[in-house]
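What follows is the content of work-v5.cif (mmCIF, N, CA and C atoms).
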data_final
loop_
_atom_site.label_atom_id
_atom_site.label_comp_id
_atom_site.auth_asym_id
_atom_site.auth_seq_id
_atom_site.Cartn_x
_atom_site.Cartn_y
_atom_site.Cartn_z
N MET A 177 -14.00 142.44 7.79
CA MET A 177 -12.89 142.25 8.67
C MET A 177 -12.95 140.82 9.21
N LEU A 178 -11.82 140.17 9.33
CA LEU A 178 -11.78 138.80 9.82
C LEU A 178 -11.15 138.77 11.21
N TRP A 179 -11.73 138.00 12.09
CA TRP A 179 -11.21 137.82 13.45
C TRP A 179 -11.15 136.33 13.74
N PRO A 180 -10.22 135.92 14.59
CA PRO A 180 -10.18 134.49 14.97
C PRO A 180 -11.48 134.10 15.65
N ASP A 181 -11.97 132.88 15.37
CA ASP A 181 -13.19 132.39 16.01
C ASP A 181 -13.01 132.30 17.51
N SER A 182 -11.96 131.67 17.93
CA SER A 182 -11.73 131.54 19.36
C SER A 182 -10.24 131.44 19.61
N VAL A 183 -9.78 132.23 20.53
CA VAL A 183 -8.36 132.27 20.85
C VAL A 183 -8.11 131.32 22.01
N GLY A 184 -7.11 130.50 21.87
CA GLY A 184 -6.72 129.61 22.95
C GLY A 184 -7.56 128.34 23.06
N THR A 185 -8.44 128.08 22.10
CA THR A 185 -9.26 126.87 22.17
C THR A 185 -8.84 125.85 21.13
N GLY A 186 -7.83 126.17 20.36
CA GLY A 186 -7.39 125.24 19.34
C GLY A 186 -8.11 125.40 18.02
N SER A 187 -9.12 126.25 17.97
CA SER A 187 -9.86 126.48 16.74
C SER A 187 -9.09 127.48 15.89
N ALA A 188 -8.79 127.11 14.67
CA ALA A 188 -8.01 127.99 13.81
C ALA A 188 -8.88 128.72 12.80
N GLY A 189 -10.19 128.54 12.87
CA GLY A 189 -11.08 129.15 11.89
C GLY A 189 -11.23 130.65 12.10
N PHE A 190 -11.72 131.31 11.08
CA PHE A 190 -11.99 132.74 11.15
C PHE A 190 -13.44 132.97 10.77
N ARG A 191 -14.03 134.00 11.36
CA ARG A 191 -15.40 134.38 10.99
C ARG A 191 -15.37 135.82 10.55
N GLU A 192 -16.31 136.16 9.73
CA GLU A 192 -16.38 137.51 9.19
C GLU A 192 -17.30 138.37 10.05
N VAL A 193 -16.84 139.58 10.36
CA VAL A 193 -17.65 140.56 11.06
C VAL A 193 -18.08 141.56 10.01
N SER A 194 -19.39 141.75 9.85
CA SER A 194 -19.89 142.65 8.81
C SER A 194 -19.46 144.09 9.09
N PRO A 195 -19.31 144.90 8.06
CA PRO A 195 -18.93 146.30 8.26
C PRO A 195 -19.93 147.04 9.14
N GLN A 196 -21.22 146.71 9.04
CA GLN A 196 -22.23 147.37 9.87
C GLN A 196 -22.02 147.01 11.34
N MET A 197 -21.78 145.73 11.61
CA MET A 197 -21.54 145.27 12.99
C MET A 197 -20.24 145.88 13.51
N ASP A 198 -19.24 145.91 12.67
CA ASP A 198 -17.95 146.50 13.01
C ASP A 198 -18.14 147.95 13.45
N SER A 199 -18.90 148.69 12.69
CA SER A 199 -19.18 150.10 13.00
C SER A 199 -19.96 150.25 14.30
N GLN A 200 -20.93 149.37 14.55
CA GLN A 200 -21.72 149.43 15.77
C GLN A 200 -20.86 149.18 17.01
N ILE A 201 -19.95 148.22 16.90
CA ILE A 201 -19.09 147.88 18.03
C ILE A 201 -18.16 149.05 18.35
N ILE A 202 -17.55 149.63 17.32
CA ILE A 202 -16.64 150.75 17.53
C ILE A 202 -17.41 151.95 18.09
N HIS A 203 -18.62 152.19 17.57
CA HIS A 203 -19.43 153.30 18.05
C HIS A 203 -19.77 153.12 19.54
N LYS A 204 -20.15 151.92 19.94
CA LYS A 204 -20.48 151.65 21.34
C LYS A 204 -19.25 151.83 22.22
N ALA A 205 -18.11 151.34 21.77
CA ALA A 205 -16.88 151.48 22.55
C ALA A 205 -16.49 152.96 22.67
N ALA A 206 -16.59 153.70 21.58
CA ALA A 206 -16.27 155.14 21.62
C ALA A 206 -17.21 155.89 22.55
N PHE A 207 -18.49 155.53 22.52
CA PHE A 207 -19.46 156.16 23.41
C PHE A 207 -19.09 155.91 24.87
N LEU A 208 -18.78 154.67 25.20
CA LEU A 208 -18.42 154.35 26.58
C LEU A 208 -17.15 155.06 27.02
N LEU A 209 -16.19 155.17 26.11
CA LEU A 209 -14.93 155.85 26.44
C LEU A 209 -15.12 157.35 26.60
N HIS A 210 -15.81 157.97 25.64
CA HIS A 210 -15.88 159.42 25.59
C HIS A 210 -17.01 160.00 26.44
N GLU A 211 -18.21 159.51 26.22
CA GLU A 211 -19.38 160.08 26.89
C GLU A 211 -19.53 159.60 28.33
N CYS A 212 -19.21 158.33 28.57
CA CYS A 212 -19.37 157.77 29.92
C CYS A 212 -18.08 157.84 30.73
N HIS A 213 -16.98 158.24 30.07
CA HIS A 213 -15.67 158.38 30.74
C HIS A 213 -15.22 157.08 31.41
N GLU A 214 -15.51 155.96 30.74
CA GLU A 214 -15.12 154.66 31.27
C GLU A 214 -13.66 154.38 30.92
N PRO A 215 -12.91 153.75 31.81
CA PRO A 215 -11.54 153.33 31.47
C PRO A 215 -11.56 152.23 30.41
N GLU A 216 -10.47 152.11 29.69
CA GLU A 216 -10.40 151.14 28.60
C GLU A 216 -10.75 149.72 29.04
N GLN A 217 -10.20 149.26 30.15
CA GLN A 217 -10.45 147.89 30.59
C GLN A 217 -11.93 147.67 30.92
N THR A 218 -12.57 148.67 31.48
CA THR A 218 -13.99 148.57 31.77
C THR A 218 -14.80 148.46 30.49
N VAL A 219 -14.40 149.21 29.47
CA VAL A 219 -15.10 149.15 28.17
C VAL A 219 -14.93 147.77 27.55
N VAL A 220 -13.73 147.21 27.65
CA VAL A 220 -13.50 145.86 27.13
C VAL A 220 -14.48 144.88 27.80
N GLU A 221 -14.64 145.00 29.11
CA GLU A 221 -15.54 144.11 29.84
C GLU A 221 -17.00 144.39 29.48
N ARG A 222 -17.37 145.65 29.37
CA ARG A 222 -18.77 146.00 29.09
C ARG A 222 -19.20 145.61 27.68
N LEU A 223 -18.27 145.61 26.72
CA LEU A 223 -18.63 145.20 25.36
C LEU A 223 -19.15 143.77 25.33
N LYS A 224 -18.71 142.95 26.28
CA LYS A 224 -19.17 141.57 26.35
C LYS A 224 -20.68 141.53 26.62
N ASP A 225 -21.20 142.51 27.38
CA ASP A 225 -22.64 142.57 27.65
C ASP A 225 -23.43 142.88 26.38
N TYR A 226 -22.88 143.72 25.53
CA TYR A 226 -23.56 144.15 24.31
C TYR A 226 -23.33 143.19 23.14
N PHE A 227 -22.13 142.61 23.08
CA PHE A 227 -21.75 141.73 21.97
C PHE A 227 -21.12 140.46 22.54
N PRO A 228 -21.93 139.56 23.09
CA PRO A 228 -21.37 138.38 23.78
C PRO A 228 -20.60 137.42 22.87
N GLU A 229 -20.80 137.53 21.57
CA GLU A 229 -20.10 136.63 20.66
C GLU A 229 -18.64 137.00 20.45
N LEU A 230 -18.22 138.20 20.88
CA LEU A 230 -16.84 138.64 20.69
C LEU A 230 -15.92 138.01 21.73
N THR A 231 -14.74 137.67 21.28
CA THR A 231 -13.72 137.17 22.20
C THR A 231 -13.04 138.34 22.89
N LEU A 232 -12.27 138.06 23.91
CA LEU A 232 -11.53 139.09 24.63
C LEU A 232 -10.60 139.84 23.68
N ILE A 233 -9.90 139.13 22.83
CA ILE A 233 -8.97 139.75 21.88
C ILE A 233 -9.72 140.69 20.95
N GLU A 234 -10.87 140.27 20.46
CA GLU A 234 -11.67 141.13 19.57
C GLU A 234 -12.12 142.39 20.30
N ARG A 235 -12.61 142.23 21.52
CA ARG A 235 -13.06 143.40 22.28
C ARG A 235 -11.91 144.36 22.53
N GLU A 236 -10.73 143.84 22.84
CA GLU A 236 -9.57 144.70 23.05
C GLU A 236 -9.21 145.46 21.78
N ARG A 237 -9.30 144.81 20.64
CA ARG A 237 -8.99 145.48 19.36
C ARG A 237 -9.99 146.60 19.06
N TYR A 238 -11.27 146.32 19.29
CA TYR A 238 -12.29 147.35 19.05
C TYR A 238 -12.11 148.54 19.98
N VAL A 239 -11.82 148.28 21.24
CA VAL A 239 -11.62 149.37 22.19
C VAL A 239 -10.38 150.18 21.81
N SER A 240 -9.35 149.52 21.37
CA SER A 240 -8.14 150.22 20.94
C SER A 240 -8.44 151.13 19.75
N GLU A 241 -9.20 150.63 18.80
CA GLU A 241 -9.57 151.44 17.63
C GLU A 241 -10.46 152.62 18.04
N ALA A 242 -11.41 152.36 18.91
CA ALA A 242 -12.29 153.44 19.39
C ALA A 242 -11.49 154.49 20.16
N TRP A 243 -10.56 154.04 20.98
CA TRP A 243 -9.71 154.96 21.74
C TRP A 243 -8.94 155.87 20.79
N ASP A 244 -8.37 155.28 19.74
CA ASP A 244 -7.64 156.07 18.74
C ASP A 244 -8.55 157.10 18.08
N GLN A 245 -9.77 156.70 17.76
CA GLN A 245 -10.71 157.64 17.13
C GLN A 245 -11.09 158.77 18.08
N VAL A 246 -11.40 158.43 19.32
CA VAL A 246 -11.81 159.43 20.31
C VAL A 246 -10.68 160.41 20.55
N HIS A 247 -9.49 159.91 20.78
CA HIS A 247 -8.37 160.80 21.08
C HIS A 247 -7.85 161.52 19.85
N GLY A 248 -7.99 160.92 18.69
CA GLY A 248 -7.62 161.59 17.45
C GLY A 248 -8.54 162.78 17.19
N LYS A 249 -9.83 162.62 17.46
CA LYS A 249 -10.80 163.70 17.29
C LYS A 249 -10.52 164.82 18.28
N GLN A 250 -10.21 164.47 19.52
CA GLN A 250 -9.89 165.50 20.53
C GLN A 250 -8.66 166.29 20.09
N ALA A 251 -7.67 165.64 19.55
CA ALA A 251 -6.47 166.33 19.08
C ALA A 251 -6.80 167.26 17.93
N GLU A 252 -7.70 166.85 17.02
CA GLU A 252 -8.11 167.69 15.90
C GLU A 252 -8.85 168.91 16.40
N ASP A 253 -9.72 168.73 17.42
CA ASP A 253 -10.47 169.85 17.97
C ASP A 253 -9.54 170.89 18.60
N ILE A 254 -8.48 170.43 19.21
CA ILE A 254 -7.52 171.35 19.84
C ILE A 254 -6.77 172.16 18.78
N GLU A 255 -6.43 171.52 17.66
CA GLU A 255 -5.67 172.19 16.61
C GLU A 255 -6.48 173.26 15.89
N VAL A 256 -7.78 173.11 15.84
CA VAL A 256 -8.64 174.03 15.08
C VAL A 256 -8.76 175.36 15.73
#

This structure in structure tokens:
Amino acid sequence: MLWPDSVGTGSAGFREVSPQMDSQIIHKAAFLLHECHEPEQTVVERLKDYFPELTLIERERYVSEAWDQVHGKQAEDIEV
């Protein structure tokens, strides 16, 4: 997956996030959302503690994806 290096700094480069790192970030965000019952904005802020190299935009994208996974799973559990 490719993400902008830095948003708003004039840098137009992109860096690659490995699939393993991608999975770890989503897993951490999902854990904070589901198990810790943290609000989305708090998770965005807390991801910076775990993954300081991520930009705000990247953290927001990961939290959004984790939120979709957490709530998608809850919806599946209800249907079963």

Exercise. So which residues are close to (-13.2, 157.3, 20.5), meaning at most 6 Å away in the file's coordinates with all atoms listed in the file counted, and can you show them as number ranges by chain?
Worked result: A: 205-207, 210, 241-247

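The space between CA of His203 (chain A) and CA of Glu234 (chain A) spans 14.5 Å.
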
For this session: List the residues matched by the PyMOL selection byres (((chain A and resi 235 and name CA) around 10) and name CA) in the displayed structure as a list in words, ordered by chain and then by residue number.
Result: Ile201, Ile202, Ala205, Gln217, Val219, Val220, Glu221, Arg222, Leu223, Lys224, Phe227, Pro228, Glu229, Leu230, Thr231, Leu232, Ile233, Glu234, Glu236, Arg237, Tyr238, Val239, Ser240 and Glu241 of chain A

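Atom pair CA of Glu214 (chain A) / atom C of Gly248 (chain A) has a distance of 17.5 Å (rounded to one decimal).
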
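Straight-line separation from CA of Leu209 (chain A) to CA of Ser194 (chain A): 22.6 Å.
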